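J.: Sharing work.txt below, compact mmCIF, C-alpha atoms and all ligand atoms:
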```txt
# COMPACT_ATOMS: atom_id res chain seq x y z
CA MET A 3 -100.00 25.00 -151.33
CA LYS A 4 -100.87 22.36 -153.91
CA VAL A 5 -98.23 21.99 -156.63
CA HIS A 6 -99.50 20.80 -159.98
CA VAL A 7 -97.06 18.82 -162.07
CA VAL A 8 -97.64 17.36 -165.50
CA PRO A 9 -98.38 13.69 -164.82
CA PRO A 10 -96.05 11.29 -166.67
CA GLY A 11 -99.12 9.74 -168.29
CA LEU A 12 -99.86 12.99 -170.07
CA TRP A 13 -96.52 12.95 -171.86
CA LEU A 14 -97.23 9.41 -172.96
CA VAL A 15 -100.57 10.54 -174.33
CA VAL A 16 -98.97 13.40 -176.24
CA TRP A 17 -96.27 11.14 -177.61
CA ALA A 18 -98.76 8.46 -178.52
CA TRP A 19 -101.02 10.93 -180.31
CA VAL A 20 -98.18 12.35 -182.33
CA GLY A 21 -96.84 8.88 -183.02
CA ALA A 22 -100.15 7.51 -184.22
CA TRP A 23 -100.10 10.01 -187.05
CA VAL A 24 -96.40 10.20 -187.80
CA ARG A 25 -95.70 6.46 -187.81
CA VAL A 26 -98.16 5.66 -190.54
CA GLY A 27 -97.62 8.72 -192.65
CA GLY A 28 -100.74 10.60 -191.64
CA VAL A 29 -103.02 7.55 -191.73
CA ALA A 30 -104.10 6.54 -188.25
CA MET A 31 -103.11 3.10 -186.99
CA ARG A 32 -106.10 0.73 -187.10
CA VAL A 33 -106.49 -1.17 -183.84
CA LEU A 34 -108.98 -3.89 -182.92
CA VAL A 35 -109.71 -3.85 -179.18
CA THR A 36 -111.14 -7.02 -177.63
CA GLY A 37 -112.71 -6.69 -174.18
CA ALA A 38 -113.69 -3.15 -175.15
CA THR A 39 -116.62 -3.12 -172.70
CA GLY A 40 -114.55 -4.28 -169.71
CA ARG A 41 -113.03 -2.30 -166.88
CA LEU A 42 -109.86 -1.58 -168.85
CA GLY A 43 -111.47 -1.53 -172.31
CA ARG A 44 -114.00 1.14 -171.34
CA VAL A 45 -111.11 3.46 -170.52
CA ALA A 46 -108.73 2.34 -173.27
CA VAL A 47 -111.16 2.73 -176.20
CA PRO A 48 -111.86 6.48 -175.80
CA ARG A 49 -108.21 7.18 -174.99
CA LEU A 50 -106.95 5.41 -178.11
CA ARG A 51 -109.61 7.16 -180.19
CA ASP A 52 -108.63 10.54 -178.75
CA GLU A 53 -104.95 9.81 -179.36
CA GLY A 54 -105.59 9.40 -183.09
CA PHE A 55 -105.92 5.63 -183.51
CA THR A 56 -108.76 4.26 -185.62
CA VAL A 57 -110.46 1.89 -183.19
CA ARG A 58 -112.67 -1.10 -183.92
CA ALA A 59 -114.15 -2.48 -180.70
CA VAL A 60 -115.33 -6.04 -180.01
CA SER A 61 -118.22 -7.20 -177.89
CA ARG A 62 -120.32 -10.37 -177.92
CA ARG A 63 -123.41 -8.20 -178.26
CA PRO A 64 -124.21 -5.49 -180.83
CA ARG A 65 -123.28 -2.06 -179.50
CA ASP A 66 -122.62 1.45 -180.66
CA GLY A 67 -121.19 4.62 -179.20
CA ALA A 68 -117.84 5.97 -177.99
CA GLY A 69 -117.21 7.24 -181.53
CA VAL A 70 -115.76 3.94 -182.71
CA GLU A 71 -116.82 1.06 -184.95
CA TRP A 72 -118.30 -1.89 -183.00
CA VAL A 73 -118.23 -5.47 -184.21
CA VAL A 74 -119.67 -8.65 -182.71
CA ALA A 75 -117.31 -11.56 -182.11
CA ASP A 76 -117.00 -14.40 -179.62
CA LEU A 77 -113.63 -15.79 -178.58
CA GLY A 78 -115.36 -18.86 -177.17
CA THR A 79 -116.66 -19.99 -180.56
CA GLY A 80 -114.52 -17.98 -182.99
CA ALA A 81 -117.66 -16.46 -184.54
CA GLY A 82 -116.97 -13.06 -186.08
CA LEU A 83 -113.21 -13.08 -185.43
CA ALA A 84 -112.14 -13.20 -189.11
CA GLU A 85 -114.33 -10.19 -189.91
CA ALA A 86 -113.17 -8.38 -186.77
CA VAL A 87 -109.45 -8.58 -187.57
CA ALA A 88 -109.79 -7.87 -191.31
CA GLY A 89 -107.95 -4.69 -192.29
CA MET A 90 -106.44 -4.08 -188.84
CA ASP A 91 -102.81 -3.06 -188.24
CA ALA A 92 -102.81 -4.22 -184.63
CA VAL A 93 -104.92 -6.07 -182.06
CA LEU A 94 -105.12 -5.01 -178.42
CA HIS A 95 -106.38 -8.12 -176.68
CA LEU A 96 -108.06 -7.29 -173.37
CA ALA A 97 -110.94 -9.78 -173.31
CA SER A 98 -110.96 -12.36 -170.57
CA SER A 99 -113.40 -14.58 -168.73
CA PRO A 100 -112.15 -15.21 -165.19
CA GLY A 101 -115.44 -16.57 -163.91
CA ARG A 102 -116.42 -19.22 -166.45
CA ARG A 103 -115.07 -21.21 -169.40
CA THR A 104 -111.70 -19.60 -168.81
CA HIS A 105 -109.67 -22.19 -170.68
CA GLU A 106 -112.05 -22.06 -173.65
CA ILE A 107 -112.12 -18.25 -173.84
CA ASP A 108 -108.77 -17.07 -172.51
CA VAL A 109 -106.51 -19.80 -173.84
CA LEU A 110 -108.25 -21.35 -176.85
CA GLY A 111 -109.97 -18.04 -177.66
CA THR A 112 -106.63 -16.25 -177.67
CA ARG A 113 -105.33 -18.90 -180.07
CA ARG A 114 -108.36 -18.42 -182.34
CA LEU A 115 -107.76 -14.68 -182.29
CA ALA A 116 -104.03 -15.02 -183.00
CA VAL A 117 -104.64 -17.39 -185.91
CA ALA A 118 -107.33 -15.15 -187.41
CA ALA A 119 -105.05 -12.11 -187.00
CA GLY A 120 -102.18 -14.02 -188.66
CA HIS A 121 -104.37 -14.85 -191.66
CA ALA A 122 -105.44 -11.22 -191.91
CA GLY A 123 -101.84 -9.97 -191.93
CA VAL A 124 -102.10 -8.11 -188.62
CA ARG A 125 -98.62 -6.87 -187.69
CA HIS A 126 -98.82 -6.61 -183.90
CA LEU A 127 -100.76 -8.41 -181.16
CA VAL A 128 -100.65 -6.75 -177.72
CA TYR A 129 -101.81 -8.89 -174.81
CA VAL A 130 -102.57 -7.69 -171.29
CA SER A 131 -101.69 -10.04 -168.50
CA ILE A 132 -101.31 -9.81 -164.73
CA VAL A 133 -98.27 -9.41 -162.48
CA GLY A 134 -97.78 -12.70 -160.63
CA VAL A 135 -99.33 -15.11 -163.16
CA ASP A 136 -96.14 -17.17 -163.03
CA ARG A 137 -95.95 -17.06 -159.24
CA VAL A 138 -99.31 -17.02 -157.52
CA PRO A 139 -101.08 -20.41 -157.64
CA LEU A 140 -104.55 -19.38 -158.80
CA GLY A 141 -106.45 -21.25 -161.52
CA TYR A 142 -107.20 -18.04 -163.41
CA TYR A 143 -103.52 -17.10 -163.41
CA ARG A 144 -102.56 -20.48 -164.89
CA HIS A 145 -104.89 -19.70 -167.79
CA LYS A 146 -103.43 -16.19 -168.20
CA LEU A 147 -99.92 -17.63 -168.29
CA ALA A 148 -101.02 -20.20 -170.86
CA ALA A 149 -102.57 -17.41 -172.93
CA GLU A 150 -99.30 -15.44 -172.78
CA GLN A 151 -97.56 -18.55 -174.16
CA VAL A 152 -100.16 -18.85 -176.93
CA VAL A 153 -99.48 -15.24 -177.93
CA ALA A 154 -95.70 -15.77 -177.90
CA ALA A 155 -95.95 -18.95 -179.98
CA GLY A 156 -98.51 -17.51 -182.40
CA PRO A 157 -98.14 -16.21 -185.93
CA VAL A 158 -98.34 -12.47 -185.14
CA PRO A 159 -95.42 -10.40 -183.76
CA TRP A 160 -96.37 -9.64 -180.19
CA SER A 161 -96.04 -7.67 -176.96
CA VAL A 162 -97.21 -8.65 -173.47
CA LEU A 163 -97.77 -6.18 -170.65
CA ARG A 164 -98.39 -7.50 -167.15
CA ALA A 165 -100.23 -5.03 -164.90
CA THR A 166 -101.16 -5.17 -161.22
CA GLN A 167 -104.75 -5.00 -159.91
CA PHE A 168 -107.14 -2.25 -160.97
CA PRO A 169 -108.65 -0.34 -158.01
CA GLY A 170 -112.17 -1.25 -159.15
CA PHE A 171 -111.25 -4.92 -158.93
CA LEU A 172 -109.84 -4.42 -155.43
CA ALA A 173 -113.05 -2.62 -154.41
CA ASP A 174 -115.14 -5.53 -155.75
CA LEU A 175 -112.97 -7.90 -153.75
CA LEU A 176 -113.50 -5.86 -150.59
CA ARG A 177 -117.26 -5.77 -151.18
CA GLY A 178 -117.20 -9.57 -151.49
CA ALA A 179 -115.05 -9.89 -148.37
CA SER A 180 -117.54 -7.82 -146.34
CA ARG A 181 -120.71 -9.65 -147.33
CA LEU A 182 -121.06 -11.11 -143.83
CA GLY A 183 -120.55 -7.77 -142.08
CA PRO A 184 -116.91 -7.31 -141.11
CA VAL A 185 -114.23 -7.25 -143.83
CA LEU A 186 -112.65 -10.69 -143.73
CA GLY A 187 -109.17 -11.04 -145.18
CA ASP A 188 -105.52 -11.82 -144.72
CA PRO A 189 -104.14 -8.52 -143.37
CA ALA A 190 -100.62 -9.12 -144.68
CA VAL A 191 -101.51 -9.80 -148.34
CA LEU A 192 -99.86 -7.14 -150.51
CA ALA A 193 -101.51 -5.32 -153.40
CA GLN A 194 -100.36 -2.54 -155.73
CA PRO A 195 -103.44 -1.07 -157.40
CA VAL A 196 -102.84 0.66 -160.73
CA ASP A 197 -105.16 3.06 -162.50
CA PRO A 198 -106.58 1.49 -165.69
CA GLY A 199 -106.28 4.82 -167.48
CA GLU A 200 -102.54 4.76 -166.88
CA VAL A 201 -102.41 1.17 -168.11
CA ALA A 202 -104.27 2.30 -171.22
CA ASP A 203 -101.68 5.05 -171.82
CA ARG A 204 -98.92 2.51 -171.53
CA LEU A 205 -100.70 0.25 -174.02
CA ALA A 206 -100.95 3.13 -176.49
CA VAL A 207 -97.19 3.58 -176.28
CA LEU A 208 -96.65 -0.15 -176.79
CA LEU A 209 -98.87 -0.16 -179.86
CA LEU A 210 -96.72 2.57 -181.36
CA ALA A 211 -93.43 1.00 -180.32
CA GLY A 212 -94.26 -2.18 -182.25
CA PRO A 213 -93.69 -5.81 -181.21
CA SER A 214 -91.60 -5.80 -178.01
CA HIS A 215 -92.25 -9.28 -176.48
CA ARG A 216 -92.44 -9.26 -172.64
CA THR A 217 -92.25 -5.66 -171.55
CA GLU A 218 -91.55 -4.12 -168.15
CA ASP A 219 -94.34 -4.91 -165.66
CA PHE A 220 -96.58 -1.99 -164.75
CA GLY A 221 -97.82 -1.44 -161.20
CA GLY A 222 -99.36 1.29 -159.15
CA PRO A 223 -97.35 3.84 -157.14
CA GLU A 224 -97.66 2.13 -153.72
CA VAL A 225 -97.73 -1.33 -152.21
CA LEU A 226 -100.51 -1.68 -149.64
CA ARG A 227 -101.31 -4.36 -147.10
CA PHE A 228 -104.81 -5.75 -147.32
CA ASP A 229 -105.76 -4.29 -143.93
CA GLU A 230 -104.52 -0.80 -144.92
CA ALA A 231 -106.45 -0.93 -148.18
CA ALA A 232 -109.55 -2.21 -146.39
CA ARG A 233 -109.43 0.50 -143.68
CA ALA A 234 -109.04 3.27 -146.24
CA TRP A 235 -111.96 1.80 -148.21
CA LEU A 236 -114.16 1.62 -145.11
CA ALA A 237 -113.22 5.17 -144.08
CA ALA A 238 -114.00 6.52 -147.55
CA ARG A 239 -117.46 4.96 -147.34
CA GLY A 240 -118.02 6.20 -143.80
CA SER A 241 -118.26 2.62 -142.51
CA ARG A 242 -117.28 1.51 -139.02
CA ARG A 243 -117.13 -2.19 -139.83
CA PRO A 244 -114.10 -3.98 -138.41
CA VAL A 245 -111.41 -5.73 -140.43
CA VAL A 246 -111.20 -9.30 -139.17
CA PRO A 247 -107.98 -11.19 -139.93
CA LEU A 248 -108.37 -14.47 -141.80
CA ARG A 249 -105.03 -15.96 -142.77
CA ILE A 250 -104.90 -17.55 -146.22
CA PRO A 251 -103.26 -20.95 -145.79
CA GLY A 252 -100.64 -22.77 -147.86
CA ARG A 253 -98.55 -21.64 -150.79
CA LEU A 254 -101.24 -19.28 -152.05
CA GLY A 255 -101.15 -17.31 -148.80
CA ARG A 256 -97.36 -17.34 -148.69
CA GLU A 257 -97.05 -15.94 -152.22
CA LEU A 258 -99.72 -13.30 -151.64
CA ARG A 259 -98.04 -12.14 -148.41
CA ALA A 260 -94.60 -12.20 -150.05
CA GLY A 261 -95.68 -9.73 -152.74
CA GLY A 262 -96.53 -12.15 -155.56
CA LEU A 263 -99.03 -9.62 -156.89
CA THR A 264 -96.61 -6.69 -156.79
CA THR A 265 -93.67 -5.52 -158.84
CA THR A 266 -90.58 -3.40 -158.28
CA ALA A 267 -90.55 -2.38 -161.94
CA THR A 268 -90.42 1.31 -162.78
CA PRO A 269 -91.89 3.60 -163.89
CA THR A 270 -95.10 3.00 -161.99
CA GLY A 271 -98.45 4.70 -162.31
CA VAL A 272 -99.04 7.81 -160.23
CA ARG A 273 -102.67 7.52 -159.20
CA THR A 274 -103.10 6.02 -155.73
CA TRP A 275 -105.73 3.95 -153.99
CA ALA A 276 -106.67 7.11 -152.07
CA ASP A 277 -107.17 8.94 -155.41
CA HIS A 278 -109.51 6.17 -156.53
CA LEU A 279 -111.46 6.31 -153.28
CA ALA A 280 -111.72 10.09 -153.46
CA ASP A 281 -112.99 9.88 -157.07
CA THR A 282 -115.51 7.20 -156.18
CA TYR A 283 -116.76 8.32 -152.77
CA GLY A 284 -115.66 11.97 -152.59
CA GLY A 285 -113.72 13.44 -149.68
CA THR A 286 -110.10 12.59 -149.13
CA GLY A 287 -110.36 8.84 -149.64
CA GLY A 288 -108.84 8.13 -146.29
CA ARG A 289 -105.74 10.28 -146.77
N1 LIG B 1 -109.08 -6.57 -163.32
C1 LIG B 1 -107.80 -6.39 -162.95
O1 LIG B 1 -107.49 -5.95 -161.81
C2 LIG B 1 -106.69 -6.70 -163.94
C3 LIG B 1 -105.37 -6.43 -163.60
C4 LIG B 1 -104.35 -6.67 -164.54
C5 LIG B 1 -104.68 -7.20 -165.78
N2 LIG B 1 -105.98 -7.49 -166.06
C6 LIG B 1 -106.29 -8.03 -167.39
O2 LIG B 1 -106.80 -6.94 -168.16
C7 LIG B 1 -107.74 -7.43 -169.10
C8 LIG B 1 -109.03 -6.65 -168.95
O3 LIG B 1 -109.54 -6.86 -167.63
P1 LIG B 1 -110.91 -6.20 -167.18
O4 LIG B 1 -110.92 -6.22 -165.69
O5 LIG B 1 -111.12 -4.92 -167.93
O6 LIG B 1 -111.96 -7.29 -167.72
P2 LIG B 1 -113.53 -7.32 -167.51
O7 LIG B 1 -114.03 -6.03 -166.95
O8 LIG B 1 -113.84 -8.59 -166.77
O9 LIG B 1 -114.10 -7.45 -168.99
C9 LIG B 1 -114.00 -8.64 -169.69
C10 LIG B 1 -114.18 -8.35 -171.17
O10 LIG B 1 -114.00 -9.58 -171.89
C11 LIG B 1 -115.00 -9.66 -172.88
N3 LIG B 1 -115.31 -11.08 -173.10
C12 LIG B 1 -115.61 -12.02 -172.17
N4 LIG B 1 -115.88 -13.19 -172.77
C13 LIG B 1 -115.71 -13.00 -174.11
C14 LIG B 1 -115.84 -13.82 -175.26
N5 LIG B 1 -116.22 -15.13 -175.16
N6 LIG B 1 -115.59 -13.30 -176.48
C15 LIG B 1 -115.25 -11.98 -176.60
N7 LIG B 1 -115.12 -11.15 -175.56
C16 LIG B 1 -115.35 -11.64 -174.33
C17 LIG B 1 -116.20 -8.90 -172.34
O11 LIG B 1 -116.89 -8.35 -173.46
P3 LIG B 1 -118.49 -8.44 -173.73
O12 LIG B 1 -119.16 -8.82 -172.43
O13 LIG B 1 -118.86 -7.07 -174.21
O14 LIG B 1 -118.64 -9.48 -174.79
C18 LIG B 1 -115.55 -7.79 -171.53
O15 LIG B 1 -115.35 -6.64 -172.31
C19 LIG B 1 -107.90 -8.94 -168.81
O16 LIG B 1 -107.09 -9.65 -169.70
C20 LIG B 1 -107.38 -9.10 -167.40
O17 LIG B 1 -106.84 -10.38 -167.16
C21 LIG B 1 -106.99 -7.24 -165.20
```
Could I get this file's structure written as structure tokens?

T.:
Amino acid sequence: MKVHVVPPGLWLVVWAWVGAWVRVGGVAMRVLVTGATGRLGRVAVPRLRDEGFTVRAVSRRPRDGAGVEWVVADLGTGAGLAEAVAGMDAVLHLASSPGRRTHEIDVLGTRRLAVAAGHAGVRHLVYVSIVGVDRVPLGYYRHKLAAEQVVAAGPVPWSVLRATQFPGFLADLLRGASRLGPVLGDPAVLAQPVDPGEVADRLAVLLLAGPSHRTEDFGGPEVLRFDEAARAWLAARGSRRPVVPLRIPGRLGRELRAGGLTTTATPTGVRTWADHLADTYGGTGGR
């Protein structure tokens, strides 16, 4: 028999919704969301809206929809940032550019955003970072760590939440690792995928709690080896491709195998990799 329990995330949503109204005396908290079109932003924007926040969403291109106000701004040049932050109570900064101009957009762009928000009198800047940025020697992570430091040194009271990998990101990684046929990867690398919706709930709570500096890391409910994650992914897609071990050398490999991308912090999310696979491909997701 399947037992249905109220997921912890739901209580957070309820609390956040109530808080959004109570905290500001019946006037919804106004939040600017950067990276609103991204993997996390696409989930966070409707959740915040539904929880009673007034959301203004940023993209580099004109957009509409999701029942929120859209504005155009570019962290890489600073264009549109002053207008974007004007009149906001808080900024939820999710935008990032891992693939290109990362220093310009993630580090200098975060500084531009923080300065603009300071001038506009924004009272809280919430930044999303990644578990392991201070441990795993990846170029992107160095930029994320630098951006965390920019936020902490900036003019706006702040919070930083480090989350583990989103399942969609892990799936993209697996797709990339299987381009040549078999899934190539270091079998002993550890990952802890976390549902972006649960991260979004956590961010809503942080927005309401006010500036909290570095907060407890947030990871998914289970730590998986790369080969386990890959096999479940292949099974969910009905693929018989093999997983071929390819050890990652040096310090990077050592940190990844030692759990540099994982956290022991609690509470964790509740949605598993298998849940993600079942949602995406149907069936049991390899359970
Ligand atoms: N992916 C993961 O597994 C993971 C795990 C933990 C934490 N995080 C962090 O969570 C945050 C969101 O990640 P994500 O995976 O949702 O990102 P994503 O899907 O790669 O989306 C990136 C977002 O950044 C915006 N952006 C890029 N360049 C910009 C610029 N120059 N100016 C303004 N906006 C710009 C894009 O907006 P437009 O294209 O609409 O302009 C897009 O909405 C990031 O800070 C990331 O480091 C990610």

J.: Produce as a ChimeraX atom specification the set of residues near ligand LIG 1 (chain B), where near means within 8 Å with all atoms listed in the file considered.

T.: /A:36-44,60-63,75-79,95-100,107,111,129-133,146,164-172,195

J.: Counting all atoms listed in the file, which residues come within 10 Å of (-89.3, -7.7, -175.0), with the point read in the file's coordinates, and could you list them as a list in words?

T.: Trp160, Ser161, Val162, Leu163, Pro213, Ser214, His215, Arg216, Thr217 and Glu218 of chain A

J.: Any idea what the distance is between CA of Glu257 (chain A) and CA of His278 (chain A)?

T.: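 According to the coordinates, CA of Glu257 (chain A) and CA of His278 (chain A) are separated by 25.7 Å.
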
J.: CA of Arg49 (chain A) and CA of Leu175 (chain A), how far apart in Å?

T.: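 So the two atoms, CA of Leu175 (chain A) and CA of Arg49 (chain A), lie 26.5 Å apart.
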
J.: Have a look at A:Leu110, A:Ala118, A:Leu182, A:Ala202 and name the one nearest to Gln151 (chain A); count all atoms listed in the file.

T.: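 Distance minimum relative to Gln151 (chain A) lands on A:Leu110.
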
J.: Keeping just N, CA and C atoms, export region 100-127 of chain A of this structure as a PDB file, in the first residue's frame.

T.:
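Contents of selection17.pdb, as written:
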```
ATOM      1  N   PRO A 100      27.939  29.551 -17.305  1.00  0.00           N
ATOM      2  CA  PRO A 100      29.054  28.614 -17.124  1.00  0.00           C
ATOM      3  C   PRO A 100      29.895  28.435 -18.378  1.00  0.00           C
ATOM      4  N   GLY A 101      29.264  28.584 -19.550  1.00  0.00           N
ATOM      5  CA  GLY A 101      29.939  28.222 -20.791  1.00  0.00           C
ATOM      6  C   GLY A 101      30.831  29.293 -21.369  1.00  0.00           C
ATOM      7  N   ARG A 102      30.491  30.558 -21.167  1.00  0.00           N
ATOM      8  CA  ARG A 102      31.259  31.629 -21.810  1.00  0.00           C
ATOM      9  C   ARG A 102      31.209  32.907 -20.986  1.00  0.00           C
ATOM     10  N   ARG A 103      32.279  33.670 -21.074  1.00  0.00           N
ATOM     11  CA  ARG A 103      32.409  34.977 -20.392  1.00  0.00           C
ATOM     12  C   ARG A 103      31.999  34.866 -18.909  1.00  0.00           C
ATOM     13  N   THR A 104      32.427  33.791 -18.283  1.00  0.00           N
ATOM     14  CA  THR A 104      31.943  33.531 -16.928  1.00  0.00           C
ATOM     15  C   THR A 104      32.421  34.597 -15.931  1.00  0.00           C
ATOM     16  N   HIS A 105      33.685  35.002 -16.066  1.00  0.00           N
ATOM     17  CA  HIS A 105      34.168  36.033 -15.141  1.00  0.00           C
ATOM     18  C   HIS A 105      33.368  37.330 -15.339  1.00  0.00           C
ATOM     19  N   GLU A 106      33.174  37.691 -16.601  1.00  0.00           N
ATOM     20  CA  GLU A 106      32.479  38.946 -16.913  1.00  0.00           C
ATOM     21  C   GLU A 106      31.035  38.925 -16.377  1.00  0.00           C
ATOM     22  N   ILE A 107      30.363  37.791 -16.552  1.00  0.00           N
ATOM     23  CA  ILE A 107      28.929  37.745 -16.222  1.00  0.00           C
ATOM     24  C   ILE A 107      28.699  37.328 -14.766  1.00  0.00           C
ATOM     25  N   ASP A 108      29.386  36.277 -14.331  1.00  0.00           N
ATOM     26  CA  ASP A 108      29.109  35.773 -12.979  1.00  0.00           C
ATOM     27  C   ASP A 108      29.771  36.631 -11.894  1.00  0.00           C
ATOM     28  N   VAL A 109      30.980  37.068 -12.148  1.00  0.00           N
ATOM     29  CA  VAL A 109      31.692  37.800 -11.090  1.00  0.00           C
ATOM     30  C   VAL A 109      31.438  39.308 -11.232  1.00  0.00           C
ATOM     31  N   LEU A 110      31.849  39.872 -12.393  1.00  0.00           N
ATOM     32  CA  LEU A 110      31.665  41.316 -12.566  1.00  0.00           C
ATOM     33  C   LEU A 110      30.179  41.660 -12.678  1.00  0.00           C
ATOM     34  N   GLY A 111      29.415  40.774 -13.317  1.00  0.00           N
ATOM     35  CA  GLY A 111      27.977  41.009 -13.450  1.00  0.00           C
ATOM     36  C   GLY A 111      27.283  40.991 -12.088  1.00  0.00           C
ATOM     37  N   THR A 112      27.727  40.097 -11.224  1.00  0.00           N
ATOM     38  CA  THR A 112      27.138  40.062  -9.875  1.00  0.00           C
ATOM     39  C   THR A 112      27.480  41.357  -9.134  1.00  0.00           C
ATOM     40  N   ARG A 113      28.697  41.861  -9.362  1.00  0.00           N
ATOM     41  CA  ARG A 113      29.062  43.141  -8.721  1.00  0.00           C
ATOM     42  C   ARG A 113      28.186  44.276  -9.260  1.00  0.00           C
ATOM     43  N   ARG A 114      27.994  44.291 -10.581  1.00  0.00           N
ATOM     44  CA  ARG A 114      27.131  45.334 -11.178  1.00  0.00           C
ATOM     45  C   ARG A 114      25.726  45.272 -10.566  1.00  0.00           C
ATOM     46  N   LEU A 115      25.232  44.055 -10.429  1.00  0.00           N
ATOM     47  CA  LEU A 115      23.884  43.873  -9.884  1.00  0.00           C
ATOM     48  C   LEU A 115      23.830  44.345  -8.426  1.00  0.00           C
ATOM     49  N   ALA A 116      24.836  43.960  -7.651  1.00  0.00           N
ATOM     50  CA  ALA A 116      24.849  44.324  -6.226  1.00  0.00           C
ATOM     51  C   ALA A 116      24.935  45.843  -6.062  1.00  0.00           C
ATOM     52  N   VAL A 117      25.751  46.478  -6.877  1.00  0.00           N
ATOM     53  CA  VAL A 117      25.892  47.942  -6.780  1.00  0.00           C
ATOM     54  C   VAL A 117      24.577  48.621  -7.163  1.00  0.00           C
ATOM     55  N   ALA A 118      23.973  48.172  -8.262  1.00  0.00           N
ATOM     56  CA  ALA A 118      22.696  48.755  -8.691  1.00  0.00           C
ATOM     57  C   ALA A 118      21.635  48.550  -7.607  1.00  0.00           C
ATOM     58  N   ALA A 119      21.616  47.353  -7.022  1.00  0.00           N
ATOM     59  CA  ALA A 119      20.617  47.059  -5.971  1.00  0.00           C
ATOM     60  C   ALA A 119      20.872  47.933  -4.743  1.00  0.00           C
ATOM     61  N   GLY A 120      22.143  48.159  -4.425  1.00  0.00           N
ATOM     62  CA  GLY A 120      22.488  49.033  -3.290  1.00  0.00           C
ATOM     63  C   GLY A 120      21.964  50.439  -3.521  1.00  0.00           C
ATOM     64  N   HIS A 121      22.187  50.959  -4.733  1.00  0.00           N
ATOM     65  CA  HIS A 121      21.710  52.311  -5.056  1.00  0.00           C
ATOM     66  C   HIS A 121      20.199  52.404  -4.974  1.00  0.00           C
ATOM     67  N   ALA A 122      19.536  51.308  -5.321  1.00  0.00           N
ATOM     68  CA  ALA A 122      18.062  51.319  -5.350  1.00  0.00           C
ATOM     69  C   ALA A 122      17.455  51.063  -3.969  1.00  0.00           C
ATOM     70  N   GLY A 123      18.299  50.784  -2.976  1.00  0.00           N
ATOM     71  CA  GLY A 123      17.784  50.556  -1.627  1.00  0.00           C
ATOM     72  C   GLY A 123      17.202  49.175  -1.409  1.00  0.00           C
ATOM     73  N   VAL A 124      17.608  48.214  -2.263  1.00  0.00           N
ATOM     74  CA  VAL A 124      17.138  46.828  -2.078  1.00  0.00           C
ATOM     75  C   VAL A 124      17.646  46.324  -0.729  1.00  0.00           C
ATOM     76  N   ARG A 125      16.804  45.582  -0.008  1.00  0.00           N
ATOM     77  CA  ARG A 125      17.158  45.209   1.370  1.00  0.00           C
ATOM     78  C   ARG A 125      17.723  43.806   1.514  1.00  0.00           C
ATOM     79  N   HIS A 126      17.671  42.999   0.440  1.00  0.00           N
ATOM     80  CA  HIS A 126      18.139  41.613   0.577  1.00  0.00           C
ATOM     81  C   HIS A 126      18.537  41.076  -0.797  1.00  0.00           C
ATOM     82  N   LEU A 127      19.764  40.558  -0.880  1.00  0.00           N
ATOM     83  CA  LEU A 127      20.234  39.909  -2.109  1.00  0.00           C
ATOM     84  C   LEU A 127      20.484  38.436  -1.796  1.00  0.00           C
TER      85      LEU A 127
END
```
